[in-house]
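Text of the file coords-v4.json, holding JSON, C-alpha atoms and all ligand atoms:
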[["chain", "number", "residue", "atom", "x", "y", "z"],
["A", 1, "ASP", "CA", 34.40, -48.97, 78.11],
["A", 2, "ALA", "CA", 33.67, -45.31, 78.89],
["A", 3, "ASP", "CA", 36.92, -44.74, 80.80],
["A", 4, "THR", "CA", 38.98, -46.16, 77.96],
["A", 5, "LEU", "CA", 37.18, -44.04, 75.38],
["A", 6, "GLU", "CA", 37.75, -40.95, 77.47],
["A", 7, "ALA", "CA", 41.46, -41.79, 77.78],
["A", 8, "LEU", "CA", 41.71, -42.35, 74.01],
["A", 9, "GLU", "CA", 40.05, -39.01, 73.33],
["A", 10, "ARG", "CA", 42.35, -37.22, 75.78],
["A", 11, "LEU", "CA", 45.41, -38.82, 74.17],
["A", 12, "ALA", "CA", 44.19, -37.91, 70.67],
["A", 13, "VAL", "CA", 43.75, -34.27, 71.74],
["A", 14, "GLU", "CA", 47.13, -34.13, 73.47],
["A", 15, "VAL", "CA", 49.21, -35.51, 70.59],
["A", 16, "CYS", "CA", 47.21, -33.61, 67.99],
["A", 17, "VAL", "CA", 47.88, -30.29, 69.70],
["A", 18, "GLU", "CA", 51.58, -31.11, 70.14],
["A", 19, "ALA", "CA", 52.00, -32.02, 66.45],
["A", 20, "GLY", "CA", 50.04, -28.89, 65.50],
["A", 21, "ARG", "CA", 52.49, -26.76, 67.44],
["A", 22, "LEU", "CA", 55.40, -28.45, 65.67],
["A", 23, "ILE", "CA", 54.13, -27.84, 62.14],
["A", 24, "VAL", "CA", 53.35, -24.17, 62.87],
["A", 25, "ASP", "CA", 56.49, -23.37, 64.87],
["A", 26, "GLU", "CA", 58.84, -25.07, 62.41],
["A", 27, "ARG", "CA", 57.17, -23.99, 59.17],
["A", 28, "PRO", "CA", 59.94, -22.04, 57.41],
["A", 29, "ALA", "CA", 58.96, -18.39, 57.02],
["A", 30, "ASN", "CA", 60.02, -18.31, 53.37],
["A", 31, "LEU", "CA", 58.13, -21.45, 52.35],
["A", 32, "GLY", "CA", 55.48, -19.48, 50.43],
["A", 33, "VAL", "CA", 57.92, -17.46, 48.32],
["A", 34, "SER", "CA", 59.96, -20.51, 47.38],
["A", 35, "LYS", "CA", 56.93, -22.62, 46.58],
["A", 36, "THR", "CA", 57.67, -23.06, 42.91],
["A", 37, "LYS", "CA", 60.93, -24.84, 43.68],
["A", 38, "SER", "CA", 60.87, -28.55, 44.29],
["A", 39, "THR", "CA", 62.72, -27.93, 47.56],
["A", 40, "ALA", "CA", 59.61, -26.23, 48.96],
["A", 41, "THR", "CA", 57.61, -29.38, 48.34],
["A", 42, "ASP", "CA", 60.40, -31.36, 49.97],
["A", 43, "VAL", "CA", 60.18, -29.16, 53.06],
["A", 44, "VAL", "CA", 56.48, -29.98, 53.31],
["A", 45, "THR", "CA", 57.22, -33.69, 52.97],
["A", 46, "VAL", "CA", 59.90, -33.42, 55.66],
["A", 47, "MET", "CA", 57.47, -31.62, 58.00],
["A", 48, "ASP", "CA", 54.79, -34.20, 57.25],
["A", 49, "GLN", "CA", 57.20, -36.98, 58.14],
["A", 50, "ARG", "CA", 58.46, -35.21, 61.28],
["A", 51, "ALA", "CA", 54.94, -34.57, 62.57],
["A", 52, "GLN", "CA", 53.96, -38.17, 61.85],
["A", 53, "ASP", "CA", 57.07, -39.47, 63.64],
["A", 54, "LEU", "CA", 56.16, -37.35, 66.66],
["A", 55, "LEU", "CA", 52.60, -38.71, 66.65],
["A", 56, "ARG", "CA", 53.80, -42.30, 66.28],
["A", 57, "THR", "CA", 56.35, -41.94, 69.09],
["A", 58, "ARG", "CA", 53.88, -40.33, 71.52],
["A", 59, "LEU", "CA", 51.12, -42.83, 70.77],
["A", 60, "HIS", "CA", 53.52, -45.76, 71.04],
["A", 61, "GLU", "CA", 54.84, -44.50, 74.41],
["A", 62, "ALA", "CA", 51.29, -44.24, 75.76],
["A", 63, "ARG", "CA", 49.80, -47.38, 74.15],
["A", 64, "PRO", "CA", 52.49, -49.73, 72.76],
["A", 65, "GLN", "CA", 50.01, -52.45, 71.76],
["A", 66, "ASP", "CA", 48.02, -50.30, 69.37],
["A", 67, "GLY", "CA", 48.42, -50.27, 65.61],
["A", 68, "PHE", "CA", 49.36, -47.21, 63.57],
["A", 69, "LEU", "CA", 48.40, -46.04, 60.10],
["A", 70, "GLY", "CA", 49.50, -42.65, 58.77],
["A", 71, "GLU", "CA", 49.67, -40.78, 55.49],
["A", 72, "GLU", "CA", 53.45, -41.09, 55.42],
["A", 73, "GLU", "CA", 55.42, -44.34, 55.58],
["A", 74, "GLY", "CA", 55.88, -46.32, 58.78],
["A", 75, "GLY", "CA", 52.75, -48.19, 59.86],
["A", 76, "ALA", "CA", 52.42, -50.84, 62.57],
["A", 77, "ALA", "CA", 49.98, -53.73, 62.98],
["A", 78, "SER", "CA", 47.73, -53.68, 66.01],
["A", 79, "ARG", "CA", 48.11, -56.08, 68.92],
["A", 80, "SER", "CA", 45.10, -54.53, 70.68],
["A", 81, "GLU", "CA", 41.61, -53.56, 69.52],
["A", 82, "ILE", "CA", 42.81, -50.11, 68.51],
["A", 83, "THR", "CA", 44.64, -48.66, 65.51],
["A", 84, "TRP", "CA", 45.59, -44.98, 65.38],
["A", 85, "VAL", "CA", 44.87, -43.41, 62.01],
["A", 86, "VAL", "CA", 46.65, -40.08, 61.58],
["A", 87, "ASP", "CA", 47.16, -37.33, 59.04],
["A", 88, "PRO", "CA", 50.12, -35.21, 60.19],
["A", 89, "ILE", "CA", 49.23, -32.35, 57.79],
["A", 90, "ASP", "CA", 45.83, -32.45, 56.12],
["A", 91, "GLY", "CA", 45.76, -29.60, 53.64],
["A", 92, "THR", "CA", 49.40, -29.77, 52.58],
["A", 93, "VAL", "CA", 48.91, -27.36, 49.67],
["A", 94, "ASN", "CA", 47.48, -24.76, 52.08],
["A", 95, "TYR", "CA", 50.47, -25.42, 54.33],
["A", 96, "LEU", "CA", 52.82, -24.80, 51.41],
["A", 97, "TYR", "CA", 51.14, -21.48, 50.52],
["A", 98, "GLY", "CA", 50.62, -20.34, 54.11],
["A", 99, "ILE", "CA", 46.81, -20.43, 53.80],
["A", 100, "PRO", "CA", 45.60, -20.91, 57.40],
["A", 101, "SER", "CA", 43.41, -23.96, 56.69],
["A", 102, "TYR", "CA", 45.40, -27.05, 57.49],
["A", 103, "ALA", "CA", 45.07, -29.56, 60.26],
["A", 104, "VAL", "CA", 46.45, -32.45, 62.22],
["A", 105, "SER", "CA", 43.98, -35.32, 62.43],
["A", 106, "VAL", "CA", 44.29, -38.18, 64.94],
["A", 107, "ALA", "CA", 41.74, -40.98, 65.41],
["A", 108, "ALA", "CA", 41.55, -44.19, 67.40],
["A", 109, "VAL", "CA", 39.65, -46.74, 65.32],
["A", 110, "VAL", "CA", 38.49, -50.31, 65.84],
["A", 111, "GLY", "CA", 38.72, -52.83, 63.02],
["A", 112, "ASP", "CA", 40.88, -52.76, 59.91],
["A", 113, "PRO", "CA", 41.16, -49.18, 58.57],
["A", 114, "THR", "CA", 42.47, -50.43, 55.21],
["A", 115, "THR", "CA", 39.17, -52.22, 54.45],
["A", 116, "PRO", "CA", 36.11, -50.02, 53.86],
["A", 117, "GLY", "CA", 33.22, -51.05, 56.07],
["A", 118, "ALA", "CA", 35.50, -53.03, 58.41],
["A", 119, "TRP", "CA", 36.38, -50.17, 60.76],
["A", 120, "ARG", "CA", 34.94, -47.23, 62.65],
["A", 121, "PRO", "CA", 36.44, -44.35, 64.65],
["A", 122, "VAL", "CA", 35.80, -44.40, 68.41],
["A", 123, "ALA", "CA", 37.76, -41.33, 69.54],
["A", 124, "GLY", "CA", 39.53, -38.54, 67.74],
["A", 125, "ALA", "CA", 40.68, -34.97, 67.38],
["A", 126, "VAL", "CA", 41.27, -32.50, 64.55],
["A", 127, "VAL", "CA", 43.16, -29.27, 65.21],
["A", 128, "ASN", "CA", 43.75, -26.23, 63.05],
["A", 129, "PRO", "CA", 46.97, -25.11, 64.72],
["A", 130, "VAL", "CA", 46.83, -21.62, 63.18],
["A", 131, "THR", "CA", 43.35, -20.63, 64.41],
["A", 132, "GLY", "CA", 43.52, -22.84, 67.50],
["A", 133, "GLU", "CA", 40.22, -24.56, 66.63],
["A", 134, "LEU", "CA", 40.20, -28.01, 68.20],
["A", 135, "PHE", "CA", 37.44, -30.49, 67.37],
["A", 136, "HIS", "CA", 37.21, -33.65, 69.45],
["A", 137, "ALA", "CA", 34.83, -36.52, 70.09],
["A", 138, "ARG", "CA", 34.49, -39.97, 71.50],
["A", 139, "HIS", "CA", 31.79, -42.49, 70.72],
["A", 140, "GLY", "CA", 28.55, -41.72, 72.54],
["A", 141, "SER", "CA", 29.66, -38.45, 74.18],
["A", 142, "GLY", "CA", 29.03, -35.77, 71.60],
["A", 143, "ALA", "CA", 31.35, -33.61, 69.53],
["A", 144, "TRP", "CA", 33.10, -30.59, 70.96],
["A", 145, "LEU", "CA", 34.79, -27.49, 69.62],
["A", 146, "GLN", "CA", 37.33, -25.69, 71.72],
["A", 147, "VAL", "CA", 39.05, -22.52, 70.55],
["A", 148, "GLY", "CA", 42.21, -21.64, 72.45],
["A", 149, "THR", "CA", 41.62, -21.62, 76.18],
["A", 150, "ALA", "CA", 37.87, -20.92, 75.94],
["A", 151, "THR", "CA", 35.45, -23.50, 77.30],
["A", 152, "ALA", "CA", 34.53, -26.18, 74.78],
["A", 153, "THR", "CA", 31.10, -25.94, 73.17],
["A", 154, "ARG", "CA", 29.05, -28.96, 72.18],
["A", 155, "LEU", "CA", 28.35, -29.18, 68.45],
["A", 156, "GLU", "CA", 24.86, -29.91, 67.19],
["A", 157, "ILE", "CA", 24.54, -30.02, 63.44],
["A", 158, "ALA", "CA", 22.03, -27.66, 61.87],
["A", 159, "ALA", "CA", 21.47, -27.05, 58.18],
["A", 160, "PRO", "CA", 18.89, -25.60, 55.82],
["A", 161, "PRO", "CA", 16.46, -28.40, 54.95],
["A", 162, "GLN", "CA", 16.60, -27.55, 51.24],
["A", 163, "LEU", "CA", 19.56, -28.51, 49.13],
["A", 164, "GLY", "CA", 19.07, -25.34, 47.09],
["A", 165, "HIS", "CA", 20.08, -23.33, 50.17],
["A", 166, "ALA", "CA", 23.07, -25.46, 51.08],
["A", 167, "LEU", "CA", 26.71, -24.38, 50.94],
["A", 168, "VAL", "CA", 28.54, -27.57, 50.00],
["A", 169, "GLY", "CA", 32.25, -28.35, 50.38],
["A", 170, "THR", "CA", 34.23, -30.75, 48.22],
["A", 171, "GLY", "CA", 37.81, -31.54, 47.31],
["A", 172, "PHE", "CA", 39.89, -32.90, 44.47],
["A", 173, "GLY", "CA", 42.55, -35.55, 44.29],
["A", 174, "TYR", "CA", 45.87, -34.97, 42.56],
["A", 175, "ASP", "CA", 45.39, -37.44, 39.69],
["A", 176, "THR", "CA", 44.48, -35.88, 36.30],
["A", 177, "GLY", "CA", 41.97, -38.57, 35.33],
["A", 178, "ARG", "CA", 40.27, -38.26, 38.65],
["A", 179, "ARG", "CA", 40.12, -34.47, 38.36],
["A", 180, "HIS", "CA", 38.39, -34.72, 35.01],
["A", 181, "TRP", "CA", 35.83, -37.05, 36.53],
["A", 182, "GLN", "CA", 35.39, -34.78, 39.54],
["A", 183, "ALA", "CA", 34.84, -31.72, 37.34],
["A", 184, "THR", "CA", 32.15, -33.59, 35.40],
["A", 185, "LEU", "CA", 30.53, -34.68, 38.66],
["A", 186, "LEU", "CA", 30.56, -31.11, 39.91],
["A", 187, "LEU", "CA", 28.65, -29.97, 36.80],
["A", 188, "GLY", "CA", 25.86, -32.32, 37.85],
["A", 189, "VAL", "CA", 25.81, -31.10, 41.46],
["A", 190, "LEU", "CA", 26.22, -27.31, 41.06],
["A", 191, "PRO", "CA", 22.74, -26.50, 39.70],
["A", 192, "HIS", "CA", 21.16, -28.04, 42.82],
["A", 193, "ILE", "CA", 23.02, -26.19, 45.57],
["A", 194, "ARG", "CA", 23.60, -22.64, 46.83],
["A", 195, "ASP", "CA", 27.32, -22.71, 46.12],
["A", 196, "ILE", "CA", 30.46, -24.81, 46.34],
["A", 197, "ARG", "CA", 33.60, -24.39, 48.47],
["A", 198, "ARG", "CA", 36.96, -26.09, 48.00],
["A", 199, "ILE", "CA", 38.73, -25.08, 51.18],
["A", 200, "GLY", "CA", 41.56, -27.61, 50.98],
["A", 201, "SER", "CA", 41.51, -29.81, 54.08],
["A", 202, "ALA", "CA", 39.00, -32.63, 54.09],
["A", 203, "ALA", "CA", 39.30, -33.10, 57.87],
["A", 204, "LEU", "CA", 38.51, -29.43, 58.55],
["A", 205, "ASP", "CA", 35.76, -29.39, 55.91],
["A", 206, "ILE", "CA", 33.93, -32.33, 57.49],
["A", 207, "CYS", "CA", 34.33, -30.73, 60.95],
["A", 208, "ALA", "CA", 32.96, -27.50, 59.42],
["A", 209, "VAL", "CA", 29.76, -29.38, 58.54],
["A", 210, "ALA", "CA", 29.49, -30.43, 62.19],
["A", 211, "ALA", "CA", 30.02, -26.79, 63.27],
["A", 212, "GLY", "CA", 27.67, -25.30, 60.65],
["A", 213, "THR", "CA", 30.22, -23.26, 58.69],
["A", 214, "LEU", "CA", 29.49, -25.57, 55.76],
["A", 215, "ASP", "CA", 26.14, -27.31, 55.26],
["A", 216, "ALA", "CA", 27.41, -30.48, 53.60],
["A", 217, "TYR", "CA", 30.43, -32.14, 52.02],
["A", 218, "PHE", "CA", 31.20, -34.79, 49.43],
["A", 219, "GLU", "CA", 34.42, -36.06, 47.90],
["A", 220, "ARG", "CA", 35.76, -38.96, 45.91],
["A", 221, "GLY", "CA", 39.24, -40.21, 46.74],
["A", 222, "LEU", "CA", 39.56, -39.68, 50.49],
["A", 223, "ASN", "CA", 41.93, -41.87, 52.45],
["A", 224, "PRO", "CA", 41.13, -43.24, 55.93],
["A", 225, "TRP", "CA", 43.46, -40.66, 57.54],
["A", 226, "ASP", "CA", 41.64, -37.74, 55.85],
["A", 227, "MET", "CA", 38.27, -38.81, 57.25],
["A", 228, "ALA", "CA", 38.73, -40.91, 60.42],
["A", 229, "ALA", "CA", 38.58, -38.26, 63.17],
["A", 230, "ALA", "CA", 36.27, -35.86, 61.34],
["A", 231, "TRP", "CA", 33.80, -38.69, 60.61],
["A", 232, "LEU", "CA", 33.36, -39.18, 64.37],
["A", 233, "VAL", "CA", 33.09, -35.43, 65.05],
["A", 234, "LEU", "CA", 30.37, -35.20, 62.40],
["A", 235, "THR", "CA", 28.30, -38.19, 63.54],
["A", 236, "GLU", "CA", 28.63, -37.26, 67.23],
["A", 237, "ALA", "CA", 27.27, -33.82, 66.29],
["A", 238, "GLY", "CA", 24.23, -35.60, 64.81],
["A", 239, "GLY", "CA", 25.34, -35.71, 61.18],
["A", 240, "VAL", "CA", 25.24, -38.56, 58.68],
["A", 241, "PHE", "CA", 28.42, -39.84, 56.99],
["A", 242, "THR", "CA", 28.13, -42.46, 54.25],
["A", 243, "GLY", "CA", 29.46, -43.72, 50.95],
["A", 244, "LEU", "CA", 27.25, -43.97, 47.86],
["A", 245, "GLY", "CA", 24.20, -46.24, 47.84],
["A", 246, "ALA", "CA", 24.54, -48.72, 50.66],
["A", 247, "ALA", "CA", 28.35, -48.43, 50.68],
["A", 248, "PRO", "CA", 30.21, -47.42, 53.83],
["A", 249, "PRO", "CA", 32.42, -44.31, 53.63],
["A", 250, "ASN", "CA", 35.27, -45.23, 51.26],
["A", 251, "ASP", "CA", 37.64, -43.86, 48.64],
["A", 252, "GLN", "CA", 34.91, -43.97, 45.97],
["A", 253, "MET", "CA", 32.80, -41.33, 47.71],
["A", 254, "VAL", "CA", 31.86, -39.86, 51.05],
["A", 255, "VAL", "CA", 28.76, -37.76, 51.64],
["A", 256, "ALA", "CA", 28.47, -35.79, 54.89],
["A", 257, "ALA", "CA", 25.46, -33.73, 55.98],
["A", 258, "ALA", "CA", 22.72, -33.20, 58.53],
["A", 259, "PRO", "CA", 20.08, -35.96, 58.33],
["A", 260, "THR", "CA", 17.58, -33.51, 56.80],
["A", 261, "LEU", "CA", 19.96, -32.71, 53.94],
["A", 262, "HIS", "CA", 21.83, -35.97, 53.48],
["A", 263, "THR", "CA", 19.16, -37.82, 51.50],
["A", 264, "ALA", "CA", 18.79, -35.01, 48.95],
["A", 265, "LEU", "CA", 22.55, -34.46, 48.51],
["A", 266, "HIS", "CA", 23.21, -38.19, 48.30],
["A", 267, "GLU", "CA", 20.65, -38.54, 45.51],
["A", 268, "VAL", "CA", 22.12, -35.68, 43.49],
["A", 269, "VAL", "CA", 25.70, -36.96, 43.93],
["A", 270, "LEU", "CA", 24.64, -40.51, 43.03],
["A", 271, "HIS", "CA", 22.94, -39.39, 39.81],
["A", 272, "ALA", "CA", 25.81, -37.08, 38.91],
["A", 273, "ALA", "CA", 28.28, -39.93, 39.55],
["A", 274, "GLU", "CA", 26.31, -42.29, 37.31],
["A", 275, "ARG", "CA", 26.21, -39.70, 34.54],
["A", 276, "SER", "CA", 29.94, -38.97, 34.89],
["A", 277, "GLY", "CA", 30.72, -42.50, 33.73],
["A", 278, "THR", "CA", 34.00, -44.18, 34.40],
["A", 279, "GLU", "CA", 37.01, -42.38, 35.72],
["A", 280, "THR", "CA", 40.04, -42.45, 33.43],
["A", 281, "THR", "CA", 43.40, -42.77, 35.00],
["A", 282, "GLY", "CA", 46.04, -40.38, 33.87],
["A", 283, "GLY", "CA", 49.19, -38.65, 34.91],
["B", 1, "LIG", "C1", 44.08, -33.65, 50.91],
["B", 1, "LIG", "C2", 43.13, -32.58, 51.42],
["B", 1, "LIG", "C3", 42.23, -32.09, 50.32],
["B", 1, "LIG", "C4", 41.44, -33.21, 49.68],
["B", 1, "LIG", "C5", 42.40, -34.29, 49.18],
["B", 1, "LIG", "C6", 43.30, -34.78, 50.30],
["B", 1, "LIG", "P1", 46.46, -33.87, 52.13],
["B", 1, "LIG", "O1", 44.88, -34.16, 51.96],
["B", 1, "LIG", "O2", 42.34, -33.10, 52.47],
["B", 1, "LIG", "O3", 41.30, -31.13, 50.79],
["B", 1, "LIG", "O4", 40.67, -32.70, 48.63],
["B", 1, "LIG", "O5", 41.63, -35.35, 48.68],
["B", 1, "LIG", "O6", 44.21, -35.72, 49.78],
["B", 1, "LIG", "O7", 47.14, -34.46, 50.93],
["B", 1, "LIG", "O8", 46.63, -32.40, 52.18],
["B", 1, "LIG", "O9", 46.81, -34.54, 53.41]]

Let me see the file written as structure tokens.
Amino acid sequence: DADTLEALERLAVEVCVEAGRLIVDERPANLGVSKTKSTATDVVTVMDQRAQDLLRTRLHEARPQDGFLGEEEGGAASRSEITWVVDPIDGTVNYLYGIPSYAVSVAAVVGDPTTPGAWRPVAGAVVNPVTGELFHARHGSGAWLQVGTATATRLEIAAPPQLGHALVGTGFGYDTGRRHWQATLLLGVLPHIRDIRRIGSAALDICAVAAGTLDAYFERGLNPWDMAAAWLVLTEAGGVFTGLGAAPPNDQMVVAAAPTLHTALHEVVLHAAERSGTETTGG
């Protein structure tokens, strides 16, 4: 009910902000300069795990029956309707380099988040702990952006109606075969749009579409934790979030845009995907 959704949203915001503080406060100052060493990557993994442990502990204290699914190891099955789907650091490469575009993403979802089409987010929050931008939403109550201590503003998606005027975000997975496929796909999309951005945090990119600092977004290879909270922020702001064709959002593709733009972008991505053929797997 409405009270429960509000409580879930409040909890998502609270833990998200706390984990955000942790990853910023404890990010070693020399991480950027040592980034070529494997130890730097290890530090990121350690911070990822620490932030996830914090999220899991806090959520478990507040709602012990709920399930938990995170990017790092240590999930839990749900004994309630709710599973928390979290990304402790979305944009880990930006985190490594000290580029201020990384986020903590926390969503309460119903259904099974490991099966595309079998789940949906009902409350969630995404925070950029460097800029203090906090996006949050619960089902049926709109999407909100709060920056620092300023009053939250309600997000209403707006975009140019023509794809040719749209600034479109995307992202790339880490697998070589997938990257080749993604580059080919991009060749099919680029002629149809104003320009492309690869900012480096899917959660922030999808929230940016809700806030109007990007017009649209597509990516192959997203995991539930990259998209869960931002999906709700986008749709509560009036946006459309789908997979390809009739498919629900899944790891094969997500397309996010205002309703006026979504149909055109979806068509271009679909055709480009068909022309790109089959992805090869590679190391
Ligand atoms: C990644 C980022 C990136 C996207 C990748 C994700 P991570 O998440 O969101 O922008 O392109 O597909 O895996 O690994 O930094 O949590």

From the list A:Gly111, A:Gly98, A:Gly171, A:Gly177, the nearest residue to ligand LIG 1 (chain B) using all atoms listed in the file is A:Gly171

Identify, counting only C-alpha atoms and all ligand atoms, the protein, DNA and RNA residues located within 10 Å of ligand LIG 1 (chain B), and give them as a PyMOL selection string.
chain A and resi 48+71-72+86-96+101-105+169-175+198-206+218-223+225-227+251

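For the set A:Thr213, A:Thr242, A:Ser276, A:Thr4, the residue with the smallest atom-to-atom gap to Ala166 (chain A) is A:Thr213, counting all atoms listed in the file.
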
Could you check which of A:Trp144, A:Ala229, A:Arg27, A:Ala211 is closest to Val126 (chain A), using all atoms listed in the file?
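Of all the options, A:Ala229 lies closest to Val126 (chain A).
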
Need to verify the contact set: region 236-241 of chain A, 10 Å, all atoms listed in the file, exclusion of same-chain residues closer than 2 positions in sequence. Can you return it as a short mmCIF file (atom, residue, chain, number, x, y, z; two decimals) with C-alpha atoms, keeping the file's coordinate frame?
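What follows is the written file around_13.cif:
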data_model
loop_
_atom_site.label_atom_id
_atom_site.label_comp_id
_atom_site.auth_asym_id
_atom_site.auth_seq_id
_atom_site.Cartn_x
_atom_site.Cartn_y
_atom_site.Cartn_z
CA HIS A 136 37.21 -33.65 69.45
CA ALA A 137 34.83 -36.52 70.09
CA ARG A 138 34.49 -39.97 71.50
CA HIS A 139 31.79 -42.49 70.72
CA GLY A 140 28.55 -41.72 72.54
CA SER A 141 29.66 -38.45 74.18
CA GLY A 142 29.03 -35.77 71.60
CA ALA A 143 31.35 -33.61 69.53
CA TRP A 144 33.10 -30.59 70.96
CA ARG A 154 29.05 -28.96 72.18
CA LEU A 155 28.35 -29.18 68.45
CA GLU A 156 24.86 -29.91 67.19
CA ILE A 157 24.54 -30.02 63.44
CA ALA A 158 22.03 -27.66 61.87
CA ALA A 159 21.47 -27.05 58.18
CA ILE A 206 33.93 -32.33 57.49
CA CYS A 207 34.33 -30.73 60.95
CA VAL A 209 29.76 -29.38 58.54
CA ALA A 210 29.49 -30.43 62.19
CA ALA A 211 30.02 -26.79 63.27
CA ALA A 216 27.41 -30.48 53.60
CA TYR A 217 30.43 -32.14 52.02
CA PHE A 218 31.20 -34.79 49.43
CA MET A 227 38.27 -38.81 57.25
CA ALA A 230 36.27 -35.86 61.34
CA TRP A 231 33.80 -38.69 60.61
CA LEU A 232 33.36 -39.18 64.37
CA VAL A 233 33.09 -35.43 65.05
CA LEU A 234 30.37 -35.20 62.40
CA GLY A 243 29.46 -43.72 50.95
CA PRO A 248 30.21 -47.42 53.83
CA PRO A 249 32.42 -44.31 53.63
CA VAL A 254 31.86 -39.86 51.05
CA VAL A 255 28.76 -37.76 51.64
CA ALA A 256 28.47 -35.79 54.89
CA ALA A 257 25.46 -33.73 55.98
CA ALA A 258 22.72 -33.20 58.53
CA PRO A 259 20.08 -35.96 58.33
CA THR A 260 17.58 -33.51 56.80
CA LEU A 261 19.96 -32.71 53.94
CA HIS A 262 21.83 -35.97 53.48
CA THR A 263 19.16 -37.82 51.50
#

What does the distance from CA of Gln162 (chain A) to CA of His192 (chain A) come to in Å, to one decimal?
9.6 Å

Can you complete the atoms of region 45-57 of chain A to N, CA and C atoms and list them as a short mmCIF file (atom, residue, chain, number, x, y, z; two decimals), keeping the file's coordinate frame?
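What ended up in part_21.cif:
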data_model
loop_
_atom_site.label_atom_id
_atom_site.label_comp_id
_atom_site.auth_asym_id
_atom_site.auth_seq_id
_atom_site.Cartn_x
_atom_site.Cartn_y
_atom_site.Cartn_z
N THR A 45 57.12 -32.25 52.74
CA THR A 45 57.22 -33.69 52.97
C THR A 45 58.01 -33.98 54.24
N VAL A 46 59.09 -33.23 54.44
CA VAL A 46 59.90 -33.42 55.66
C VAL A 46 59.07 -33.09 56.90
N MET A 47 58.30 -32.00 56.86
CA MET A 47 57.47 -31.62 58.00
C MET A 47 56.37 -32.66 58.25
N ASP A 48 55.79 -33.14 57.16
CA ASP A 48 54.79 -34.20 57.25
C ASP A 48 55.36 -35.41 57.99
N GLN A 49 56.56 -35.81 57.55
CA GLN A 49 57.20 -36.98 58.14
C GLN A 49 57.57 -36.73 59.61
N ARG A 50 58.08 -35.52 59.89
CA ARG A 50 58.46 -35.21 61.28
C ARG A 50 57.25 -35.21 62.20
N ALA A 51 56.16 -34.61 61.73
CA ALA A 51 54.94 -34.57 62.57
C ALA A 51 54.40 -35.98 62.76
N GLN A 52 54.45 -36.79 61.70
CA GLN A 52 53.96 -38.17 61.85
C GLN A 52 54.84 -38.97 62.82
N ASP A 53 56.16 -38.77 62.72
CA ASP A 53 57.07 -39.47 63.64
C ASP A 53 56.77 -39.09 65.09
N LEU A 54 56.51 -37.81 65.32
CA LEU A 54 56.16 -37.35 66.66
C LEU A 54 54.88 -38.04 67.14
N LEU A 55 53.88 -38.07 66.27
CA LEU A 55 52.60 -38.71 66.65
C LEU A 55 52.82 -40.19 66.95
N ARG A 56 53.58 -40.86 66.09
CA ARG A 56 53.80 -42.30 66.28
C ARG A 56 54.54 -42.56 67.59
N THR A 57 55.57 -41.76 67.86
CA THR A 57 56.35 -41.94 69.09
C THR A 57 55.47 -41.74 70.33
#
